[in-house]
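Colleague: Structure file entry_18.pdb (PDB, C-alpha atoms and all ligand atoms) right here:
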```pdb
MODEL        1
ATOM      1  CA  MET A  18     146.024 130.655 118.635
ATOM      2  CA  SER A  19     147.694 129.921 115.335
ATOM      3  CA  ASP A  20     151.437 129.501 115.062
ATOM      4  CA  LEU A  21     152.719 132.515 113.078
ATOM      5  CA  THR A  22     155.749 130.563 111.857
ATOM      6  CA  GLU A  23     153.505 127.840 110.430
ATOM      7  CA  LYS A  24     154.037 127.456 106.693
ATOM      8  CA  LYS A  25     151.076 128.265 104.444
ATOM      9  CA  PRO A  26     149.824 125.280 102.426
ATOM     10  CA  VAL A  27     150.878 125.076  98.802
ATOM     11  CA  ARG A  28     148.260 126.573  96.488
ATOM     12  CA  HIS A  29     146.929 124.652  93.485
ATOM     13  CA  LEU A  30     146.053 126.847  90.523
ATOM     14  CA  LEU A  31     144.579 126.302  87.106
ATOM     15  CA  GLY A  32     144.304 129.177  84.658
ATOM     16  CA  LEU A  33     141.479 128.949  82.132
ATOM     17  CA  SER A  34     141.930 130.691  78.809
ATOM     18  CA  GLY A  35     138.526 129.778  77.419
ATOM     19  CA  GLY A  36     140.304 127.360  75.077
ATOM     20  CA  LYS A  37     139.755 123.625  74.828
ATOM     21  CA  ASP A  38     142.902 122.305  76.527
ATOM     22  CA  SER A  39     142.763 124.245  79.782
ATOM     23  CA  SER A  40     138.993 123.670  79.970
ATOM     24  CA  ALA A  41     139.368 119.935  79.410
ATOM     25  CA  LEU A  42     142.055 119.890  82.081
ATOM     26  CA  ALA A  43     139.737 121.505  84.637
ATOM     27  CA  ILE A  44     137.028 118.941  83.835
ATOM     28  CA  TYR A  45     139.593 116.117  83.998
ATOM     29  CA  ILE A  46     140.872 117.262  87.399
ATOM     30  CA  ARG A  47     137.342 117.577  88.755
ATOM     31  CA  ASP A  48     136.389 114.093  87.635
ATOM     32  CA  LYS A  49     139.645 112.160  87.975
ATOM     33  CA  TYR A  50     141.386 113.913  90.857
ATOM     34  CA  PRO A  51     138.636 115.165  93.209
ATOM     35  CA  GLU A  52     141.134 115.628  96.047
ATOM     36  CA  ILE A  53     143.085 118.135  93.904
ATOM     37  CA  HIS A  54     139.865 119.730  92.583
ATOM     38  CA  GLU A  55     138.897 120.349  96.184
ATOM     39  CA  LYS A  56     141.985 122.506  96.712
ATOM     40  CA  MET A  57     142.136 123.975  93.211
ATOM     41  CA  GLU A  58     141.737 127.687  92.561
ATOM     42  CA  TYR A  59     140.429 128.105  89.019
ATOM     43  CA  PHE A  60     140.970 131.520  87.482
ATOM     44  CA  PHE A  61     140.397 133.380  84.241
ATOM     45  CA  SER A  62     142.307 136.505  83.203
ATOM     46  CA  ASP A  63     139.698 138.683  81.548
ATOM     47  CA  THR A  64     141.388 141.116  79.145
ATOM     48  CA  GLY A  65     138.233 143.197  78.774
ATOM     49  CA  ALA A  66     138.330 142.338  75.067
ATOM     50  CA  GLU A  67     137.127 138.750  75.198
ATOM     51  CA  LEU A  68     134.696 137.281  72.723
ATOM     52  CA  PRO A  69     131.131 136.911  74.065
ATOM     53  CA  GLU A  70     131.416 133.178  73.276
ATOM     54  CA  THR A  71     134.400 132.906  75.624
ATOM     55  CA  LEU A  72     132.589 134.634  78.484
ATOM     56  CA  ASP A  73     129.523 132.419  77.993
ATOM     57  CA  PHE A  74     131.730 129.348  77.903
ATOM     58  CA  ILE A  75     133.507 130.281  81.146
ATOM     59  CA  ASN A  76     130.085 130.653  82.809
ATOM     60  CA  GLU A  77     129.069 127.187  81.568
ATOM     61  CA  LEU A  78     132.321 125.667  82.749
ATOM     62  CA  GLU A  79     131.870 127.241  86.149
ATOM     63  CA  LYS A  80     128.536 125.454  86.484
ATOM     64  CA  TYR A  81     130.144 122.129  85.627
ATOM     65  CA  LEU A  82     133.051 122.626  88.039
ATOM     66  CA  ARG A  83     130.676 123.660  90.791
ATOM     67  CA  LYS A  84     133.354 126.047  92.011
ATOM     68  CA  PRO A  85     133.783 129.734  91.326
ATOM     69  CA  ILE A  86     136.223 130.688  88.583
ATOM     70  CA  ILE A  87     138.058 133.710  89.895
ATOM     71  CA  ARG A  88     138.112 136.578  87.370
ATOM     72  CA  LEU A  89     141.379 138.498  87.360
ATOM     73  CA  ASN A  90     141.722 142.034  85.901
ATOM     74  CA  PRO A  91     138.283 143.350  86.786
ATOM     75  CA  VAL A  92     139.488 146.970  86.390
ATOM     76  CA  LYS A  93     142.844 147.044  84.615
ATOM     77  CA  ASP A  94     141.705 145.840  81.220
ATOM     78  CA  PHE A  95     143.097 146.287  77.709
ATOM     79  CA  LYS A  96     141.982 149.925  77.439
ATOM     80  CA  PHE A  97     143.661 150.774  80.728
ATOM     81  CA  TYR A  98     147.027 149.370  79.568
ATOM     82  CA  LEU A  99     146.675 150.840  76.086
ATOM     83  CA  LYS A 100     146.614 154.305  77.649
ATOM     84  CA  LEU A 101     149.561 153.385  79.858
ATOM     85  CA  ASN A 102     151.502 152.314  76.751
ATOM     86  CA  GLY A 103     151.000 155.674  75.043
ATOM     87  CA  ASN A 104     148.148 154.314  72.895
ATOM     88  CA  ILE A 105     150.604 152.191  70.940
ATOM     89  CA  LEU A 106     148.827 149.020  69.940
ATOM     90  CA  PRO A 107     150.485 145.699  70.730
ATOM     91  CA  THR A 108     151.971 143.550  67.982
ATOM     92  CA  ALA A 109     153.508 140.064  67.855
ATOM     93  CA  LYS A 110     156.908 141.722  68.441
ATOM     94  CA  MET A 111     155.738 144.241  71.042
ATOM     95  CA  ARG A 112     153.460 142.073  73.074
ATOM     96  CA  TRP A 113     152.879 144.253  76.114
ATOM     97  CA  CYS A 114     149.316 142.926  76.256
ATOM     98  CA  THR A 115     150.202 139.370  77.332
ATOM     99  CA  ASN A 116     152.569 140.590  79.966
ATOM    100  CA  ASN A 117     150.154 143.120  81.463
ATOM    101  CA  LEU A 118     146.893 141.268  81.002
ATOM    102  CA  LYS A 119     147.875 137.680  81.637
ATOM    103  CA  ILE A 120     151.268 137.215  83.284
ATOM    104  CA  LYS A 121     151.347 140.094  85.774
ATOM    105  CA  PRO A 122     147.823 139.544  87.127
ATOM    106  CA  PHE A 123     148.666 135.882  87.584
ATOM    107  CA  GLU A 124     151.884 136.632  89.436
ATOM    108  CA  GLU A 125     150.113 139.202  91.608
ATOM    109  CA  PHE A 126     147.408 136.663  92.336
ATOM    110  CA  VAL A 127     150.015 134.159  93.530
ATOM    111  CA  GLY A 128     152.161 136.672  95.397
ATOM    112  CA  ASN A 129     154.881 134.947  97.392
ATOM    113  CA  ASP A 130     152.854 131.850  98.121
ATOM    114  CA  ASP A 131     154.211 128.490  97.123
ATOM    115  CA  ALA A 132     152.049 127.331  94.268
ATOM    116  CA  ILE A 133     151.658 124.610  91.708
ATOM    117  CA  THR A 134     150.158 125.666  88.426
ATOM    118  CA  TYR A 135     148.446 123.004  86.307
ATOM    119  CA  VAL A 136     149.037 123.389  82.569
ATOM    120  CA  GLY A 137     146.958 121.811  79.786
ATOM    121  CA  ILE A 138     149.761 120.898  77.373
ATOM    122  CA  ARG A 139     148.969 117.489  75.892
ATOM    123  CA  ALA A 140     151.028 114.333  75.487
ATOM    124  CA  ASP A 141     150.957 114.761  71.682
ATOM    125  CA  GLU A 142     152.477 118.242  71.784
ATOM    126  CA  PRO A 143     155.432 118.125  74.204
ATOM    127  CA  GLN A 144     157.210 120.743  72.083
ATOM    128  CA  ARG A 145     154.517 123.348  72.891
ATOM    129  CA  GLN A 146     155.573 126.018  75.302
ATOM    130  CA  GLY A 147     153.185 127.133  78.013
ATOM    131  CA  TYR A 148     153.836 130.069  80.265
ATOM    132  CA  ILE A 149     156.590 129.026  82.625
ATOM    133  CA  SER A 150     157.035 131.305  85.569
ATOM    134  CA  THR A 151     160.509 132.387  86.469
ATOM    135  CA  LYS A 152     159.382 132.903  90.059
ATOM    136  CA  PRO A 153     160.919 130.233  92.286
ATOM    137  CA  ASN A 154     157.743 129.825  94.354
ATOM    138  CA  ILE A 155     155.711 128.691  91.315
ATOM    139  CA  SER A 156     156.180 125.248  89.828
ATOM    140  CA  ALA A 157     154.244 123.590  87.020
ATOM    141  CA  ARG A 158     152.512 120.245  86.520
ATOM    142  CA  TYR A 159     151.348 118.798  83.210
ATOM    143  CA  PRO A 160     148.663 116.172  84.018
ATOM    144  CA  PHE A 161     147.853 115.402  80.357
ATOM    145  CA  ILE A 162     151.515 114.638  79.660
ATOM    146  CA  GLU A 163     151.832 112.673  82.919
ATOM    147  CA  ASP A 164     148.738 110.606  82.013
ATOM    148  CA  GLY A 165     149.477 110.321  78.266
ATOM    149  CA  LYS A 166     146.354 112.197  77.099
ATOM    150  CA  ASP A 167     146.249 113.413  73.506
ATOM    151  CA  ILE A 168     143.927 115.531  71.360
ATOM    152  CA  ASN A 169     141.331 112.768  70.975
ATOM    153  CA  ASP A 170     141.181 112.310  74.750
ATOM    154  CA  ILE A 171     140.687 116.058  75.169
ATOM    155  CA  ARG A 172     137.780 116.037  72.702
ATOM    156  CA  ASN A 173     136.229 113.081  74.522
ATOM    157  CA  ILE A 174     136.585 114.748  77.914
ATOM    158  CA  LEU A 175     134.798 117.859  76.648
ATOM    159  CA  ARG A 176     132.091 115.919  74.810
ATOM    160  CA  ASP A 177     131.399 113.424  77.613
ATOM    161  CA  SER A 178     131.085 116.184  80.192
ATOM    162  CA  GLY A 179     128.419 117.894  78.069
ATOM    163  CA  VAL A 180     130.406 121.153  78.238
ATOM    164  CA  ASP A 181     131.747 120.597  74.708
ATOM    165  CA  LEU A 182     133.791 123.066  72.676
ATOM    166  CA  PRO A 183     133.370 126.831  73.022
ATOM    167  CA  ALA A 184     131.119 128.142  70.237
ATOM    168  CA  TYR A 185     133.864 130.309  68.693
ATOM    169  CA  TYR A 186     135.594 127.151  67.442
ATOM    170  CA  GLU A 187     133.085 127.211  64.592
ATOM    171  CA  TRP A 188     134.995 130.112  63.089
ATOM    172  CA  ARG A 189     138.173 130.679  65.094
ATOM    173  CA  SER A 190     140.974 128.402  66.200
ATOM    174  CA  ARG A 191     141.830 129.868  69.589
ATOM    175  CA  SER A 192     140.627 131.958  72.471
ATOM    176  CA  GLY A 193     141.892 135.465  73.223
ATOM    177  CA  CYS A 194     141.044 139.071  72.490
ATOM    178  CA  TYR A 195     138.674 139.678  69.589
ATOM    179  CA  PHE A 196     141.371 141.767  67.872
ATOM    180  CA  CYS A 197     144.259 139.406  68.565
ATOM    181  CA  PHE A 198     146.985 139.921  65.963
ATOM    182  CA  PHE A 199     147.630 136.187  65.837
ATOM    183  CA  GLN A 200     144.349 135.650  64.005
ATOM    184  CA  ARG A 201     144.321 134.328  60.488
ATOM    185  CA  LYS A 202     142.672 136.351  57.732
ATOM    186  CA  GLU A 203     139.682 134.005  57.647
ATOM    187  CA  GLU A 204     139.216 134.487  61.375
ATOM    188  CA  TRP A 205     138.957 138.227  60.809
ATOM    189  CA  VAL A 206     136.279 137.439  58.238
ATOM    190  CA  GLY A 207     134.593 135.288  60.899
ATOM    191  CA  LEU A 208     134.691 138.199  63.334
ATOM    192  CA  TYR A 209     133.221 140.532  60.714
ATOM    193  CA  GLU A 210     130.385 138.133  59.962
ATOM    194  CA  ARG A 211     129.607 137.074  63.544
ATOM    195  CA  HIS A 212     130.418 140.222  65.484
ATOM    196  CA  PRO A 213     130.346 143.233  63.148
ATOM    197  CA  ASP A 214     130.287 145.559  66.177
ATOM    198  CA  LEU A 215     133.581 144.136  67.489
ATOM    199  CA  TYR A 216     135.090 144.272  64.008
ATOM    200  CA  GLU A 217     134.137 147.957  63.827
ATOM    201  CA  GLU A 218     135.737 148.504  67.203
ATOM    202  CA  ALA A 219     138.969 146.823  66.054
ATOM    203  CA  MET A 220     138.865 149.086  62.966
ATOM    204  CA  SER A 221     138.487 152.127  65.173
ATOM    205  CA  TYR A 222     141.870 151.370  66.801
ATOM    206  CA  GLU A 223     143.507 151.392  63.352
ATOM    207  CA  ASP A 224     141.686 154.622  62.491
ATOM    208  CA  PHE A 225     142.857 156.228  65.715
ATOM    209  CA  HIS A 226     146.462 155.387  64.799
ATOM    210  CA  LYS A 227     146.012 156.752  61.304
ATOM    211  CA  ALA A 228     144.563 159.996  62.650
ATOM    212  CA  HIS A 229     147.729 160.368  64.760
ATOM    213  CA  GLY A 230     150.049 159.862  61.797
ATOM    214  CA  ARG A 231     150.955 156.280  62.644
ATOM    215  CA  SER A 232     150.174 153.143  60.788
ATOM    216  CA  HIS A 233     149.031 149.990  62.462
ATOM    217  CA  THR A 234     147.370 146.957  60.978
ATOM    218  CA  TRP A 235     146.073 144.209  63.258
ATOM    219  CA  SER A 236     146.287 141.784  60.358
ATOM    220  CA  ASP A 237     149.570 141.434  58.472
ATOM    221  CA  GLY A 238     150.018 144.305  56.007
ATOM    222  CA  GLU A 239     146.296 144.912  55.514
ATOM    223  CA  ARG A 240     143.884 147.359  57.051
ATOM    224  CA  LEU A 241     140.592 145.970  58.332
ATOM    225  CA  GLU A 242     138.821 148.505  56.157
ATOM    226  CA  HIS A 243     140.205 146.625  53.146
ATOM    227  CA  LEU A 244     139.841 143.116  54.526
ATOM    228  CA  LYS A 245     136.055 143.468  54.827
ATOM    229  CA  LEU A 246     135.445 144.333  51.162
ATOM    230  CA  PRO A 247     133.180 141.687  49.576
ATOM    231  CA  GLU A 248     135.702 140.758  46.852
ATOM    232  CA  ARG A 249     138.466 140.459  49.449
ATOM    233  CA  ILE A 250     136.286 138.268  51.686
ATOM    234  CA  ALA A 251     135.555 135.976  48.717
ATOM    235  CA  GLU A 252     139.297 135.768  47.990
ATOM    236  CA  ILE A 253     140.142 134.891  51.607
ATOM    237  CA  LYS A 254     137.411 132.249  51.759
ATOM    238  CA  GLU A 255     138.650 130.614  48.580
ATOM    239  CA  ALA A 256     142.269 130.605  49.825
ATOM    240  CA  THR A 257     141.077 129.034  53.091
ATOM    241  CA  ARG A 258     139.128 126.343  51.254
ATOM    242  CA  LEU A 259     142.199 125.400  49.205
ATOM    243  CA  ARG A 260     144.460 125.413  52.245
ATOM    244  CA  LYS A 261     142.112 123.083  54.123
ATOM    245  CA  ILE A 262     142.021 120.638  51.211
ATOM    246  CA  GLN A 263     145.816 120.615  51.188
ATOM    247  CA  GLU A 264     146.049 120.171  54.953
ATOM    248  CA  THR A 265     143.517 117.343  54.949
ATOM    249  CA  SER A 266     145.286 115.409  52.213
ATOM    250  CA  LYS A 267     148.640 115.946  53.944
ATOM    251  CA  LEU A 268     147.133 114.666  57.176
ATOM    252  CA  LYS A 269     145.629 111.608  55.497
ATOM    253  CA  LYS A 270     148.980 110.844  53.869
ATOM    254  CA  ASN A 271     150.756 111.131  57.229
ATOM    255  CA  LEU A 272     148.245 108.852  58.899
ATOM    256  CA  MET A 273     148.557 106.246  56.135
ATOM    257  CA  GLU A 274     152.310 106.383  56.548
ATOM    258  CA  ARG A 275     151.931 105.845  60.265
ATOM    259  CA  ASN A 276     149.969 102.755  59.341
ATOM    260  CA  CYS A 277     147.014 104.036  61.251
ATOM    261  CA  GLU A 278     145.045 101.115  62.622
ATOM    262  CA  SER A 279     141.972 103.012  63.564
ATOM    263  CA  ALA A 280     139.637 104.370  60.911
ATOM    264  CA  ASP A 281     138.015 106.452  63.650
ATOM    265  CA  GLU A 282     141.224 108.327  64.247
ATOM    266  CA  LEU A 283     141.435 109.321  60.607
ATOM    267  CA  GLY A 284     137.811 110.453  60.484
ATOM    268  CA  CYS A 285     138.018 112.433  63.661
ATOM    269  CA  LEU A 286     141.223 114.263  62.876
ATOM    270  CA  ALA A 287     140.254 115.012  59.299
ATOM    271  CA  CYS A 288     136.860 116.420  60.277
ATOM    272  CA  HIS A 289     138.260 118.803  62.855
ATOM    273  CA  LEU A 290     140.839 120.575  60.764
TER
HETATM  274  S1  LIG A 301     144.954 137.324  73.066
HETATM  275 FE1  LIG A 301     146.355 138.352  71.628
HETATM  276  S2  LIG A 301     145.897 140.536  71.874
HETATM  277 FE2  LIG A 301     145.019 139.483  73.650
HETATM  278  S3  LIG A 301     146.575 139.565  75.239
HETATM  279 FE3  LIG A 301     146.896 137.653  74.145
HETATM  280  S4  LIG A 301     148.393 138.112  72.517
HETATM  281 FE4  LIG A 301     147.568 140.059  73.277
ENDMDL
END
```
I'd like the structure from this file rewritten - as structure tokens, please.
Modeller:
Amino acid sequence: MSDLTEKKPVRHLLGLSGGKDSSALAIYIRDKYPEIHEKMEYFFSDTGAELPETLDFINELEKYLRKPIIRLNPVKDFKFYLKLNGNILPTAKMRWCTNNLKIKPFEEFVGNDDAITYVGIRADEPQRQGYISTKPNISARYPFIEDGKDINDIRNILRDSGVDLPAYYEWRSRSGCYFCFFQRKEEWVGLYERHPDLYEEAMSYEDFHKAHGRSHTWSDGERLEHLKLPERIAEIKEATRLRKIQETSKLKKNLMERNCESADELGCLACHL
């Protein structure tokens, strides 16, 4: 008979966003720390508005990990919470979506158990803020910082495993909902060109607001109806091209100043901007 006063073992948790850092961390843990991988609970908070590329990527990653990735939010998705929030769409200032679709499901999943959550912040970005729980039973570990792993290491981990980068990186810089308001204009163009059906759906949310006498634009100060006009798309693409040239030359200058010893480093960073 088990002792009812016996303390439950600490849980080890790793949340996958479908982005490169958390995915590389899962691969790294599996390969470098098999004893932790053994105990690890991998999970993915599905908002119900994920890109198809993200869902495909999570399936691929699951095969590599050879462990199930637990899907949170199977029922209470974005549409459910939109209704609950009086059909008011989330914005960068009113971000009810992250709280309801990511943080709460995670905290419910952990409950009162003692848990360690593994976060994919890298050694070259210590200033980045991950989600830090205020719950006293949840503590965080940062294996990439502990082991001094930077962006190049992360790329190598993904490439060497054969999992590689999620396909959306060809046109978008981060994972998340297809209508995420943090997207750049050129990413909206990417959505329009790759997933016109999802773009239309994002437009329908703006239309719904308009029909109810409210104004909402997912993208700063511009309705999606306008953003998809051919002349506007050409304008956005040209602005993006110029910005990338500027960023690349700034990066090269910085690397020269750092007296970069490795030509590989320069090539790799410049190519992936
Ligand atoms: S990805 Fe964007 S829209 Fe989706 S929950 Fe996160 S902040 Fe909100």
Colleague: Hey, can you check how far CA of Ala251 (chain A) sits from CA of Tyr216 (chain A)?
Modeller: 17.4 Å
Colleague: Each residue of region 234-267 of chain A with at least one atom at most 12 Å from region 97-107 of chain A should appear once, together with its nearest atom pair and the corresponding distance in Å (one decimal); atoms considered: only C-alpha atoms; ordering: chain, then increasing residue number; output as JSON lines.
Modeller:
```
{"residue": "A:Thr234", "atom": "CA", "partner": "A:Leu106", "partner_atom": "CA", "distance": 9.3}
{"residue": "A:Trp235", "atom": "CA", "partner": "A:Leu106", "partner_atom": "CA", "distance": 8.7}
{"residue": "A:Ser236", "atom": "CA", "partner": "A:Pro107", "partner_atom": "CA", "distance": 11.9}
```
Colleague: So that I have them on file, write out the residues from the current selection with C-alpha atoms, as a PDB file, keeping the file's coordinate frame.
Modeller:
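This went into again_27.pdb:
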```
ATOM      1  CA  THR A 234     147.370 146.957  60.978  1.00  0.00           C
ATOM      2  CA  TRP A 235     146.073 144.209  63.258  1.00  0.00           C
ATOM      3  CA  SER A 236     146.287 141.784  60.358  1.00  0.00           C
TER       4      SER A 236
END
```
Colleague: Could you pull the residues within 12 Å of Gly35 (chain A), counting only C-alpha atoms, minus those fewer than 2 positions along the same chain, as a PyMOL selection string?
Modeller: chain A and resi 31-33+37-43+59-64+67-79+86+137+180-186+190-194
Colleague: Print the selection's residues with C-alpha atoms to a file, as a compact mmCIF listing (two decimals), keeping the file's coordinate frame.
Modeller:
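Final output, again_14.txt:
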```txt
# COMPACT_ATOMS: atom_id res chain seq x y z
CA LEU A 31 144.58 126.30 87.11
CA GLY A 32 144.30 129.18 84.66
CA LEU A 33 141.48 128.95 82.13
CA LYS A 37 139.76 123.62 74.83
CA ASP A 38 142.90 122.30 76.53
CA SER A 39 142.76 124.24 79.78
CA SER A 40 138.99 123.67 79.97
CA ALA A 41 139.37 119.94 79.41
CA LEU A 42 142.06 119.89 82.08
CA ALA A 43 139.74 121.50 84.64
CA TYR A 59 140.43 128.10 89.02
CA PHE A 60 140.97 131.52 87.48
CA PHE A 61 140.40 133.38 84.24
CA SER A 62 142.31 136.50 83.20
CA ASP A 63 139.70 138.68 81.55
CA THR A 64 141.39 141.12 79.14
CA GLU A 67 137.13 138.75 75.20
CA LEU A 68 134.70 137.28 72.72
CA PRO A 69 131.13 136.91 74.06
CA GLU A 70 131.42 133.18 73.28
CA THR A 71 134.40 132.91 75.62
CA LEU A 72 132.59 134.63 78.48
CA ASP A 73 129.52 132.42 77.99
CA PHE A 74 131.73 129.35 77.90
CA ILE A 75 133.51 130.28 81.15
CA ASN A 76 130.08 130.65 82.81
CA GLU A 77 129.07 127.19 81.57
CA LEU A 78 132.32 125.67 82.75
CA GLU A 79 131.87 127.24 86.15
CA ILE A 86 136.22 130.69 88.58
CA GLY A 137 146.96 121.81 79.79
CA VAL A 180 130.41 121.15 78.24
CA ASP A 181 131.75 120.60 74.71
CA LEU A 182 133.79 123.07 72.68
CA PRO A 183 133.37 126.83 73.02
CA ALA A 184 131.12 128.14 70.24
CA TYR A 185 133.86 130.31 68.69
CA TYR A 186 135.59 127.15 67.44
CA SER A 190 140.97 128.40 66.20
CA ARG A 191 141.83 129.87 69.59
CA SER A 192 140.63 131.96 72.47
CA GLY A 193 141.89 135.46 73.22
CA CYS A 194 141.04 139.07 72.49
```
Colleague: With all atoms listed in the file as the counted atoms, please give the residues lying no more than 8 Å from Asp130 (chain A), apart from itself and same-chain residues fewer than 4 positions off, as JSON, numbers by chain.
Modeller: {"A": [25, 27, 28, 154]}
Colleague: To test your reading of the syntax: which residues would the PyMOL selection byres (((not hetatm)) within 9 of (chain A and resi 301)) return for the file shown? Reply as a list in words.
Modeller: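 Selected by the PyMOL selection byres (((not hetatm)) within 9 of (chain A and resi 301)) in this file: Thr64, Ala66, Glu67, Phe95, Pro107, Thr108, Ala109, Arg112, Trp113, Cys114, Thr115, Asn116, Asn117, Leu118, Lys119, Arg191, Ser192, Gly193, Cys194, Tyr195, Phe196, Cys197, Phe198, Phe199 and Gln200 of chain A.
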Colleague: Would you give the centre and edge lengths, in Å to one decimal, of a box along x, y and z around the listed atoms of region 114-131 of chain A, with 6 Å added to each side, as lines of an AutoDock Vina configuration file?
Modeller:
```
center_x = 150.9
center_y = 135.8
center_z = 87.2
size_x = 20.0
size_y = 26.6
size_z = 33.9
```
Colleague: Do you have the CA of Ile162 (chain A)-CA of Ile138 (chain A) distance handy?
Modeller: 6.9 Å
Colleague: Mind giving me the straight-line distance from CA of Glu223 (chain A) to CA of Glu204 (chain A) in Å, one decimal?
Modeller: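 These atoms are spaced 17.6 Å apart.
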Colleague: Using only C-alpha atoms, find the one residue out of A:Glu125, A:Asp164, A:Lys245, A:Arg145 that sits nearest to Tyr50 (chain A).
Modeller: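 Closest to Tyr50 (chain A), using only C-alpha atoms: A:Asp164.
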Colleague: With all atoms listed in the file as the atoms that count, which of A:Leu241, A:Ser232, A:Thr265, A:Gln144 lies nearest to Pro213 (chain A)?
Modeller: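 Once distances to Pro213 (chain A) are computed over all atoms listed in the file, the minimum belongs to A:Leu241.
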